[in-house]
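Engineer: The file below is my_file_11.txt, compact mmCIF, N, CA, C and O atoms:
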```txt
# COMPACT_ATOMS: atom_id res chain seq x y z
N MET M 1 0.82 -1.19 0.00
CA MET M 1 0.00 0.00 0.00
C MET M 1 0.86 1.25 0.00
O MET M 1 1.93 1.26 0.59
N ARG M 2 0.35 2.26 -0.64
CA ARG M 2 1.03 3.55 -0.61
C ARG M 2 0.93 4.14 0.79
O ARG M 2 -0.04 3.92 1.49
N ARG M 3 1.94 4.86 1.17
CA ARG M 3 1.88 5.55 2.47
C ARG M 3 0.88 6.69 2.37
O ARG M 3 0.84 7.39 1.37
N CYS M 4 0.08 6.82 3.40
CA CYS M 4 -0.91 7.90 3.41
C CYS M 4 -1.30 8.19 4.85
O CYS M 4 -0.91 7.49 5.77
N ASP M 5 -2.08 9.21 5.00
CA ASP M 5 -2.60 9.59 6.30
C ASP M 5 -3.64 8.55 6.72
O ASP M 5 -4.63 8.34 6.02
N PRO M 6 -3.43 7.85 7.85
CA PRO M 6 -4.36 6.80 8.27
C PRO M 6 -5.78 7.30 8.49
O PRO M 6 -6.75 6.61 8.18
N GLU M 7 -5.92 8.53 9.00
CA GLU M 7 -7.26 9.07 9.22
C GLU M 7 -7.98 9.30 7.89
O GLU M 7 -9.16 8.99 7.74
N GLN M 8 -7.25 9.82 6.92
CA GLN M 8 -7.84 10.05 5.61
C GLN M 8 -8.20 8.71 4.95
O GLN M 8 -9.25 8.59 4.33
N ALA M 9 -7.34 7.72 5.10
CA ALA M 9 -7.63 6.39 4.55
C ALA M 9 -8.88 5.79 5.18
O ALA M 9 -9.73 5.22 4.49
N ALA M 10 -9.01 5.93 6.49
CA ALA M 10 -10.19 5.42 7.19
C ALA M 10 -11.45 6.14 6.74
O ALA M 10 -12.49 5.51 6.51
N ASP M 11 -11.37 7.46 6.57
CA ASP M 11 -12.51 8.24 6.10
C ASP M 11 -12.93 7.80 4.70
O ASP M 11 -14.13 7.67 4.40
N THR M 12 -11.95 7.57 3.84
CA THR M 12 -12.24 7.13 2.47
C THR M 12 -12.90 5.77 2.47
O THR M 12 -13.91 5.55 1.78
N PHE M 13 -12.37 4.84 3.24
CA PHE M 13 -12.95 3.50 3.31
C PHE M 13 -14.37 3.55 3.87
O PHE M 13 -15.29 2.92 3.34
N PHE M 14 -14.56 4.33 4.91
CA PHE M 14 -15.89 4.47 5.51
C PHE M 14 -16.88 5.04 4.50
O PHE M 14 -18.02 4.60 4.41
N ALA M 15 -16.44 6.01 3.70
CA ALA M 15 -17.30 6.60 2.68
C ALA M 15 -17.69 5.57 1.62
O ALA M 15 -18.83 5.54 1.16
N LEU M 16 -16.74 4.72 1.24
CA LEU M 16 -17.06 3.66 0.27
C LEU M 16 -18.17 2.75 0.79
O LEU M 16 -19.05 2.33 0.04
N LEU M 17 -18.11 2.45 2.06
CA LEU M 17 -19.14 1.58 2.66
C LEU M 17 -20.47 2.30 2.83
O LEU M 17 -21.52 1.82 2.39
N THR M 18 -20.45 3.45 3.45
CA THR M 18 -21.70 4.11 3.81
C THR M 18 -22.42 4.72 2.62
O THR M 18 -23.65 4.66 2.54
N ASP M 19 -21.69 5.31 1.69
CA ASP M 19 -22.34 5.90 0.52
C ASP M 19 -23.06 4.84 -0.29
O ASP M 19 -24.14 5.08 -0.83
N THR M 20 -22.48 3.66 -0.37
CA THR M 20 -23.08 2.57 -1.12
C THR M 20 -24.34 2.05 -0.43
O THR M 20 -25.24 1.54 -1.09
N LEU M 21 -24.42 2.20 0.88
CA LEU M 21 -25.56 1.68 1.64
C LEU M 21 -26.73 2.65 1.76
O LEU M 21 -27.85 2.23 2.03
N GLU M 22 -26.50 3.93 1.57
CA GLU M 22 -27.55 4.92 1.81
C GLU M 22 -28.79 4.68 0.96
O GLU M 22 -29.90 4.69 1.46
N SER M 23 -28.61 4.47 -0.32
CA SER M 23 -29.75 4.30 -1.20
C SER M 23 -30.50 2.98 -0.95
O SER M 23 -31.71 3.00 -0.74
N PRO M 24 -29.80 1.83 -0.94
CA PRO M 24 -30.54 0.58 -0.71
C PRO M 24 -31.21 0.50 0.66
O PRO M 24 -32.25 -0.13 0.81
N SER M 25 -30.62 1.14 1.65
CA SER M 25 -31.22 1.08 2.98
C SER M 25 -32.20 2.21 3.22
O SER M 25 -32.76 2.33 4.31
N ARG M 26 -32.40 3.04 2.21
CA ARG M 26 -33.27 4.21 2.33
C ARG M 26 -32.87 5.05 3.54
O ARG M 26 -33.68 5.35 4.41
N LEU M 27 -31.59 5.35 3.58
CA LEU M 27 -31.00 6.15 4.65
C LEU M 27 -31.21 5.53 6.02
O LEU M 27 -31.44 6.21 7.02
N GLY M 28 -31.14 4.21 6.08
CA GLY M 28 -31.21 3.50 7.35
C GLY M 28 -32.60 3.09 7.78
O GLY M 28 -32.78 2.56 8.87
N THR M 29 -33.60 3.30 6.95
CA THR M 29 -34.96 2.95 7.34
C THR M 29 -35.36 1.54 6.90
O THR M 29 -36.44 1.08 7.24
N CYS M 30 -34.50 0.85 6.16
CA CYS M 30 -34.75 -0.51 5.68
C CYS M 30 -33.57 -1.40 6.05
O CYS M 30 -32.43 -0.96 6.02
N CYS M 31 -33.87 -2.64 6.34
CA CYS M 31 -32.79 -3.61 6.60
C CYS M 31 -32.26 -4.15 5.29
O CYS M 31 -33.03 -4.38 4.36
N ILE M 32 -30.96 -4.34 5.23
CA ILE M 32 -30.32 -4.95 4.07
C ILE M 32 -29.91 -6.36 4.46
O ILE M 32 -29.29 -6.54 5.51
N PRO M 33 -30.24 -7.35 3.64
CA PRO M 33 -29.87 -8.74 3.96
C PRO M 33 -28.35 -8.89 4.12
O PRO M 33 -27.56 -8.20 3.46
N ALA M 34 -27.96 -9.79 5.00
CA ALA M 34 -26.54 -10.01 5.30
C ALA M 34 -25.74 -10.34 4.05
O ALA M 34 -24.60 -9.86 3.90
N ALA M 35 -26.31 -11.12 3.16
CA ALA M 35 -25.58 -11.49 1.93
C ALA M 35 -25.28 -10.26 1.08
O ALA M 35 -24.19 -10.13 0.51
N GLU M 36 -26.23 -9.33 1.01
CA GLU M 36 -26.02 -8.11 0.25
C GLU M 36 -24.99 -7.21 0.93
O GLU M 36 -24.16 -6.57 0.27
N LEU M 37 -25.03 -7.17 2.26
CA LEU M 37 -24.01 -6.40 3.00
C LEU M 37 -22.62 -6.93 2.71
O LEU M 37 -21.67 -6.16 2.56
N ARG M 38 -22.51 -8.23 2.64
CA ARG M 38 -21.20 -8.87 2.36
C ARG M 38 -20.70 -8.47 0.98
O ARG M 38 -19.52 -8.15 0.80
N VAL M 39 -21.58 -8.48 -0.01
CA VAL M 39 -21.20 -8.08 -1.37
C VAL M 39 -20.73 -6.63 -1.39
O VAL M 39 -19.71 -6.30 -2.00
N ILE M 40 -21.46 -5.76 -0.71
CA ILE M 40 -21.10 -4.34 -0.64
C ILE M 40 -19.76 -4.16 0.06
O ILE M 40 -18.89 -3.41 -0.40
N ALA M 41 -19.57 -4.85 1.18
CA ALA M 41 -18.31 -4.74 1.92
C ALA M 41 -17.13 -5.27 1.09
O ALA M 41 -16.07 -4.64 1.05
N ASP M 42 -17.32 -6.40 0.43
CA ASP M 42 -16.25 -6.95 -0.41
C ASP M 42 -15.87 -5.99 -1.54
O ASP M 42 -14.69 -5.80 -1.84
N ALA M 43 -16.88 -5.37 -2.15
CA ALA M 43 -16.61 -4.42 -3.23
C ALA M 43 -15.87 -3.18 -2.70
O ALA M 43 -14.94 -2.69 -3.34
N ALA M 44 -16.25 -2.70 -1.52
CA ALA M 44 -15.58 -1.54 -0.93
C ALA M 44 -14.12 -1.86 -0.63
O ALA M 44 -13.23 -1.05 -0.89
N VAL M 45 -13.88 -3.04 -0.09
CA VAL M 45 -12.49 -3.45 0.19
C VAL M 45 -11.69 -3.53 -1.10
O VAL M 45 -10.56 -3.05 -1.19
N ASP M 46 -12.28 -4.12 -2.14
CA ASP M 46 -11.59 -4.26 -3.42
C ASP M 46 -11.22 -2.89 -4.00
O ASP M 46 -10.08 -2.67 -4.39
N VAL M 47 -12.18 -1.98 -4.02
CA VAL M 47 -11.92 -0.63 -4.56
C VAL M 47 -10.86 0.08 -3.72
O VAL M 47 -9.92 0.68 -4.26
N PHE M 48 -10.98 -0.02 -2.41
CA PHE M 48 -10.03 0.66 -1.52
C PHE M 48 -8.61 0.13 -1.73
O PHE M 48 -7.65 0.90 -1.86
N LEU M 49 -8.47 -1.19 -1.80
CA LEU M 49 -7.14 -1.76 -1.97
C LEU M 49 -6.55 -1.45 -3.34
O LEU M 49 -5.36 -1.20 -3.46
N ARG M 50 -7.39 -1.45 -4.35
CA ARG M 50 -6.89 -1.09 -5.70
C ARG M 50 -6.44 0.37 -5.73
O ARG M 50 -5.42 0.70 -6.32
N ALA M 51 -7.24 1.24 -5.13
CA ALA M 51 -6.91 2.67 -5.12
C ALA M 51 -5.68 2.96 -4.26
O ALA M 51 -4.96 3.92 -4.50
N SER M 52 -5.45 2.13 -3.26
CA SER M 52 -4.34 2.34 -2.33
C SER M 52 -3.14 1.50 -2.68
O SER M 52 -2.21 1.38 -1.89
N GLY M 53 -3.14 0.92 -3.87
CA GLY M 53 -2.05 0.04 -4.30
C GLY M 53 -0.70 0.70 -4.27
O GLY M 53 -0.56 1.90 -4.06
N SER M 54 0.30 -0.09 -4.51
CA SER M 54 1.67 0.44 -4.47
C SER M 54 1.89 1.42 -5.62
O SER M 54 1.25 1.36 -6.66
N ASP M 55 2.82 2.33 -5.40
CA ASP M 55 3.12 3.37 -6.41
C ASP M 55 3.70 2.79 -7.65
O ASP M 55 4.36 1.94 -7.85
```
Give the structure from this file in structure tokens form.
Structural biologist:
Amino acid sequence: MRRCDPEQAADTFFALLTDTLESPSRLGTCCIPAAELRVIADAAVDVFLRASGSD
């Protein structure tokens, strides 16, 4: 991984997770099935790791 500010990295990762969930969960008023949460989390991890790859 590239060196970066850990707080900024955490904020970015959190945004990948939460922004993706806002619409399907209707801003938290609907439950999302565990399987769908897993798919969303896996995709967020994949994007984060690709974006944070080595220089």
Engineer: Measuring between only C-alpha atoms, which one of M:Leu21, M:Ala10, M:Cys4, M:Ala15 shows the shortest distance to Val39 in chain M?
Structural biologist: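 Counting only C-alpha atoms, the residue closest to Val39 in chain M is M:Leu21.
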Engineer: How many Å lie between CA of Arg2 in chain M and CA of Ser52 in chain M, rounded to one decimal?
Structural biologist: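 Between CA of Arg2 in chain M and CA of Ser52 in chain M the gap is 5.8 Å.
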Engineer: What is the CA of Asp5 in chain M to CA of Thr20 in chain M distance in Å?
Structural biologist: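 These atoms are spaced 22.9 Å apart.
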Engineer: Of the candidates M:Arg3, M:Ala51, M:Ala9, M:Leu17, which one gets nearest to Leu37 in chain M if we count all atoms listed in the file?
Structural biologist: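 Under the stated criterion, the closest residue is M:Leu17.
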Engineer: Rounded to one decimal, what separation in Å do you get between atom O of Asp46 in chain M and atom C of Pro24 in chain M?
Structural biologist: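 Taking atom O of Asp46 in chain M as the start and atom C of Pro24 in chain M as the end point, the length is 22.0 Å.
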Engineer: Going by DSSP on the backbone, which residues of chain M come out as helix (DSSP H, G or I)? List them as a PDB file with N, CA, C and O atoms, keeping the file's coordinate frame.
Structural biologist:
```pdb
ATOM      1  N   PRO M   6      -3.430   7.850   7.850  1.00  0.00           N
ATOM      2  CA  PRO M   6      -4.360   6.800   8.270  1.00  0.00           C
ATOM      3  C   PRO M   6      -5.780   7.300   8.490  1.00  0.00           C
ATOM      4  O   PRO M   6      -6.750   6.610   8.180  1.00  0.00           O
ATOM      5  N   GLU M   7      -5.920   8.530   9.000  1.00  0.00           N
ATOM      6  CA  GLU M   7      -7.260   9.070   9.220  1.00  0.00           C
ATOM      7  C   GLU M   7      -7.980   9.300   7.890  1.00  0.00           C
ATOM      8  O   GLU M   7      -9.160   8.990   7.740  1.00  0.00           O
ATOM      9  N   GLN M   8      -7.250   9.820   6.920  1.00  0.00           N
ATOM     10  CA  GLN M   8      -7.840  10.050   5.610  1.00  0.00           C
ATOM     11  C   GLN M   8      -8.200   8.710   4.950  1.00  0.00           C
ATOM     12  O   GLN M   8      -9.250   8.590   4.330  1.00  0.00           O
ATOM     13  N   ALA M   9      -7.340   7.720   5.100  1.00  0.00           N
ATOM     14  CA  ALA M   9      -7.630   6.390   4.550  1.00  0.00           C
ATOM     15  C   ALA M   9      -8.880   5.790   5.180  1.00  0.00           C
ATOM     16  O   ALA M   9      -9.730   5.220   4.490  1.00  0.00           O
ATOM     17  N   ALA M  10      -9.010   5.930   6.490  1.00  0.00           N
ATOM     18  CA  ALA M  10     -10.190   5.420   7.190  1.00  0.00           C
ATOM     19  C   ALA M  10     -11.450   6.140   6.740  1.00  0.00           C
ATOM     20  O   ALA M  10     -12.490   5.510   6.510  1.00  0.00           O
ATOM     21  N   ASP M  11     -11.370   7.460   6.570  1.00  0.00           N
ATOM     22  CA  ASP M  11     -12.510   8.240   6.100  1.00  0.00           C
ATOM     23  C   ASP M  11     -12.930   7.800   4.700  1.00  0.00           C
ATOM     24  O   ASP M  11     -14.130   7.670   4.400  1.00  0.00           O
ATOM     25  N   THR M  12     -11.950   7.570   3.840  1.00  0.00           N
ATOM     26  CA  THR M  12     -12.240   7.130   2.470  1.00  0.00           C
ATOM     27  C   THR M  12     -12.900   5.770   2.470  1.00  0.00           C
ATOM     28  O   THR M  12     -13.910   5.550   1.780  1.00  0.00           O
ATOM     29  N   PHE M  13     -12.370   4.840   3.240  1.00  0.00           N
ATOM     30  CA  PHE M  13     -12.950   3.500   3.310  1.00  0.00           C
ATOM     31  C   PHE M  13     -14.370   3.550   3.870  1.00  0.00           C
ATOM     32  O   PHE M  13     -15.290   2.920   3.340  1.00  0.00           O
ATOM     33  N   PHE M  14     -14.560   4.330   4.910  1.00  0.00           N
ATOM     34  CA  PHE M  14     -15.890   4.470   5.510  1.00  0.00           C
ATOM     35  C   PHE M  14     -16.880   5.040   4.500  1.00  0.00           C
ATOM     36  O   PHE M  14     -18.020   4.600   4.410  1.00  0.00           O
ATOM     37  N   ALA M  15     -16.440   6.010   3.700  1.00  0.00           N
ATOM     38  CA  ALA M  15     -17.300   6.600   2.680  1.00  0.00           C
ATOM     39  C   ALA M  15     -17.690   5.570   1.620  1.00  0.00           C
ATOM     40  O   ALA M  15     -18.830   5.540   1.160  1.00  0.00           O
ATOM     41  N   LEU M  16     -16.740   4.720   1.240  1.00  0.00           N
ATOM     42  CA  LEU M  16     -17.060   3.660   0.270  1.00  0.00           C
ATOM     43  C   LEU M  16     -18.170   2.750   0.790  1.00  0.00           C
ATOM     44  O   LEU M  16     -19.050   2.330   0.040  1.00  0.00           O
ATOM     45  N   LEU M  17     -18.110   2.450   2.060  1.00  0.00           N
ATOM     46  CA  LEU M  17     -19.140   1.580   2.660  1.00  0.00           C
ATOM     47  C   LEU M  17     -20.470   2.300   2.830  1.00  0.00           C
ATOM     48  O   LEU M  17     -21.520   1.820   2.390  1.00  0.00           O
ATOM     49  N   THR M  18     -20.450   3.450   3.450  1.00  0.00           N
ATOM     50  CA  THR M  18     -21.700   4.110   3.810  1.00  0.00           C
ATOM     51  C   THR M  18     -22.420   4.720   2.620  1.00  0.00           C
ATOM     52  O   THR M  18     -23.650   4.660   2.540  1.00  0.00           O
ATOM     53  N   ASP M  19     -21.690   5.310   1.690  1.00  0.00           N
ATOM     54  CA  ASP M  19     -22.340   5.900   0.520  1.00  0.00           C
ATOM     55  C   ASP M  19     -23.060   4.840  -0.290  1.00  0.00           C
ATOM     56  O   ASP M  19     -24.140   5.080  -0.830  1.00  0.00           O
ATOM     57  N   THR M  20     -22.480   3.660  -0.370  1.00  0.00           N
ATOM     58  CA  THR M  20     -23.080   2.570  -1.120  1.00  0.00           C
ATOM     59  C   THR M  20     -24.340   2.050  -0.430  1.00  0.00           C
ATOM     60  O   THR M  20     -25.240   1.540  -1.090  1.00  0.00           O
ATOM     61  N   LEU M  21     -24.420   2.200   0.880  1.00  0.00           N
ATOM     62  CA  LEU M  21     -25.560   1.680   1.640  1.00  0.00           C
ATOM     63  C   LEU M  21     -26.730   2.650   1.760  1.00  0.00           C
ATOM     64  O   LEU M  21     -27.850   2.230   2.030  1.00  0.00           O
ATOM     65  N   GLU M  22     -26.500   3.930   1.570  1.00  0.00           N
ATOM     66  CA  GLU M  22     -27.550   4.920   1.810  1.00  0.00           C
ATOM     67  C   GLU M  22     -28.790   4.680   0.960  1.00  0.00           C
ATOM     68  O   GLU M  22     -29.900   4.690   1.460  1.00  0.00           O
ATOM     69  N   ALA M  34     -27.960  -9.790   5.000  1.00  0.00           N
ATOM     70  CA  ALA M  34     -26.540 -10.010   5.300  1.00  0.00           C
ATOM     71  C   ALA M  34     -25.740 -10.340   4.050  1.00  0.00           C
ATOM     72  O   ALA M  34     -24.600  -9.860   3.900  1.00  0.00           O
ATOM     73  N   ALA M  35     -26.310 -11.120   3.160  1.00  0.00           N
ATOM     74  CA  ALA M  35     -25.580 -11.490   1.930  1.00  0.00           C
ATOM     75  C   ALA M  35     -25.280 -10.260   1.080  1.00  0.00           C
ATOM     76  O   ALA M  35     -24.190 -10.130   0.510  1.00  0.00           O
ATOM     77  N   GLU M  36     -26.230  -9.330   1.010  1.00  0.00           N
ATOM     78  CA  GLU M  36     -26.020  -8.110   0.250  1.00  0.00           C
ATOM     79  C   GLU M  36     -24.990  -7.210   0.930  1.00  0.00           C
ATOM     80  O   GLU M  36     -24.160  -6.570   0.270  1.00  0.00           O
ATOM     81  N   LEU M  37     -25.030  -7.170   2.260  1.00  0.00           N
ATOM     82  CA  LEU M  37     -24.010  -6.400   3.000  1.00  0.00           C
ATOM     83  C   LEU M  37     -22.620  -6.930   2.710  1.00  0.00           C
ATOM     84  O   LEU M  37     -21.670  -6.160   2.560  1.00  0.00           O
ATOM     85  N   ARG M  38     -22.510  -8.230   2.640  1.00  0.00           N
ATOM     86  CA  ARG M  38     -21.200  -8.870   2.360  1.00  0.00           C
ATOM     87  C   ARG M  38     -20.700  -8.470   0.980  1.00  0.00           C
ATOM     88  O   ARG M  38     -19.520  -8.150   0.800  1.00  0.00           O
ATOM     89  N   VAL M  39     -21.580  -8.480  -0.010  1.00  0.00           N
ATOM     90  CA  VAL M  39     -21.200  -8.080  -1.370  1.00  0.00           C
ATOM     91  C   VAL M  39     -20.730  -6.630  -1.390  1.00  0.00           C
ATOM     92  O   VAL M  39     -19.710  -6.300  -2.000  1.00  0.00           O
ATOM     93  N   ILE M  40     -21.460  -5.760  -0.710  1.00  0.00           N
ATOM     94  CA  ILE M  40     -21.100  -4.340  -0.640  1.00  0.00           C
ATOM     95  C   ILE M  40     -19.760  -4.160   0.060  1.00  0.00           C
ATOM     96  O   ILE M  40     -18.890  -3.410  -0.400  1.00  0.00           O
ATOM     97  N   ALA M  41     -19.570  -4.850   1.180  1.00  0.00           N
ATOM     98  CA  ALA M  41     -18.310  -4.740   1.920  1.00  0.00           C
ATOM     99  C   ALA M  41     -17.130  -5.270   1.090  1.00  0.00           C
ATOM    100  O   ALA M  41     -16.070  -4.640   1.050  1.00  0.00           O
ATOM    101  N   ASP M  42     -17.320  -6.400   0.430  1.00  0.00           N
ATOM    102  CA  ASP M  42     -16.250  -6.950  -0.410  1.00  0.00           C
ATOM    103  C   ASP M  42     -15.870  -5.990  -1.540  1.00  0.00           C
ATOM    104  O   ASP M  42     -14.690  -5.800  -1.840  1.00  0.00           O
ATOM    105  N   ALA M  43     -16.880  -5.370  -2.150  1.00  0.00           N
ATOM    106  CA  ALA M  43     -16.610  -4.420  -3.230  1.00  0.00           C
ATOM    107  C   ALA M  43     -15.870  -3.180  -2.700  1.00  0.00           C
ATOM    108  O   ALA M  43     -14.940  -2.690  -3.340  1.00  0.00           O
ATOM    109  N   ALA M  44     -16.250  -2.700  -1.520  1.00  0.00           N
ATOM    110  CA  ALA M  44     -15.580  -1.540  -0.930  1.00  0.00           C
ATOM    111  C   ALA M  44     -14.120  -1.860  -0.630  1.00  0.00           C
ATOM    112  O   ALA M  44     -13.230  -1.050  -0.890  1.00  0.00           O
ATOM    113  N   VAL M  45     -13.880  -3.040  -0.090  1.00  0.00           N
ATOM    114  CA  VAL M  45     -12.490  -3.450   0.190  1.00  0.00           C
ATOM    115  C   VAL M  45     -11.690  -3.530  -1.100  1.00  0.00           C
ATOM    116  O   VAL M  45     -10.560  -3.050  -1.190  1.00  0.00           O
ATOM    117  N   ASP M  46     -12.280  -4.120  -2.140  1.00  0.00           N
ATOM    118  CA  ASP M  46     -11.590  -4.260  -3.420  1.00  0.00           C
ATOM    119  C   ASP M  46     -11.220  -2.890  -4.000  1.00  0.00           C
ATOM    120  O   ASP M  46     -10.080  -2.670  -4.390  1.00  0.00           O
ATOM    121  N   VAL M  47     -12.180  -1.980  -4.020  1.00  0.00           N
ATOM    122  CA  VAL M  47     -11.920  -0.630  -4.560  1.00  0.00           C
ATOM    123  C   VAL M  47     -10.860   0.080  -3.720  1.00  0.00           C
ATOM    124  O   VAL M  47      -9.920   0.680  -4.260  1.00  0.00           O
ATOM    125  N   PHE M  48     -10.980  -0.020  -2.410  1.00  0.00           N
ATOM    126  CA  PHE M  48     -10.030   0.660  -1.520  1.00  0.00           C
ATOM    127  C   PHE M  48      -8.610   0.130  -1.730  1.00  0.00           C
ATOM    128  O   PHE M  48      -7.650   0.900  -1.860  1.00  0.00           O
ATOM    129  N   LEU M  49      -8.470  -1.190  -1.800  1.00  0.00           N
ATOM    130  CA  LEU M  49      -7.140  -1.760  -1.970  1.00  0.00           C
ATOM    131  C   LEU M  49      -6.550  -1.450  -3.340  1.00  0.00           C
ATOM    132  O   LEU M  49      -5.360  -1.200  -3.460  1.00  0.00           O
ATOM    133  N   ARG M  50      -7.390  -1.450  -4.350  1.00  0.00           N
ATOM    134  CA  ARG M  50      -6.890  -1.090  -5.700  1.00  0.00           C
ATOM    135  C   ARG M  50      -6.440   0.370  -5.730  1.00  0.00           C
ATOM    136  O   ARG M  50      -5.420   0.700  -6.320  1.00  0.00           O
ATOM    137  N   ALA M  51      -7.240   1.240  -5.130  1.00  0.00           N
ATOM    138  CA  ALA M  51      -6.910   2.670  -5.120  1.00  0.00           C
ATOM    139  C   ALA M  51      -5.680   2.960  -4.260  1.00  0.00           C
ATOM    140  O   ALA M  51      -4.960   3.920  -4.500  1.00  0.00           O
TER     141      ALA M  51
END
```
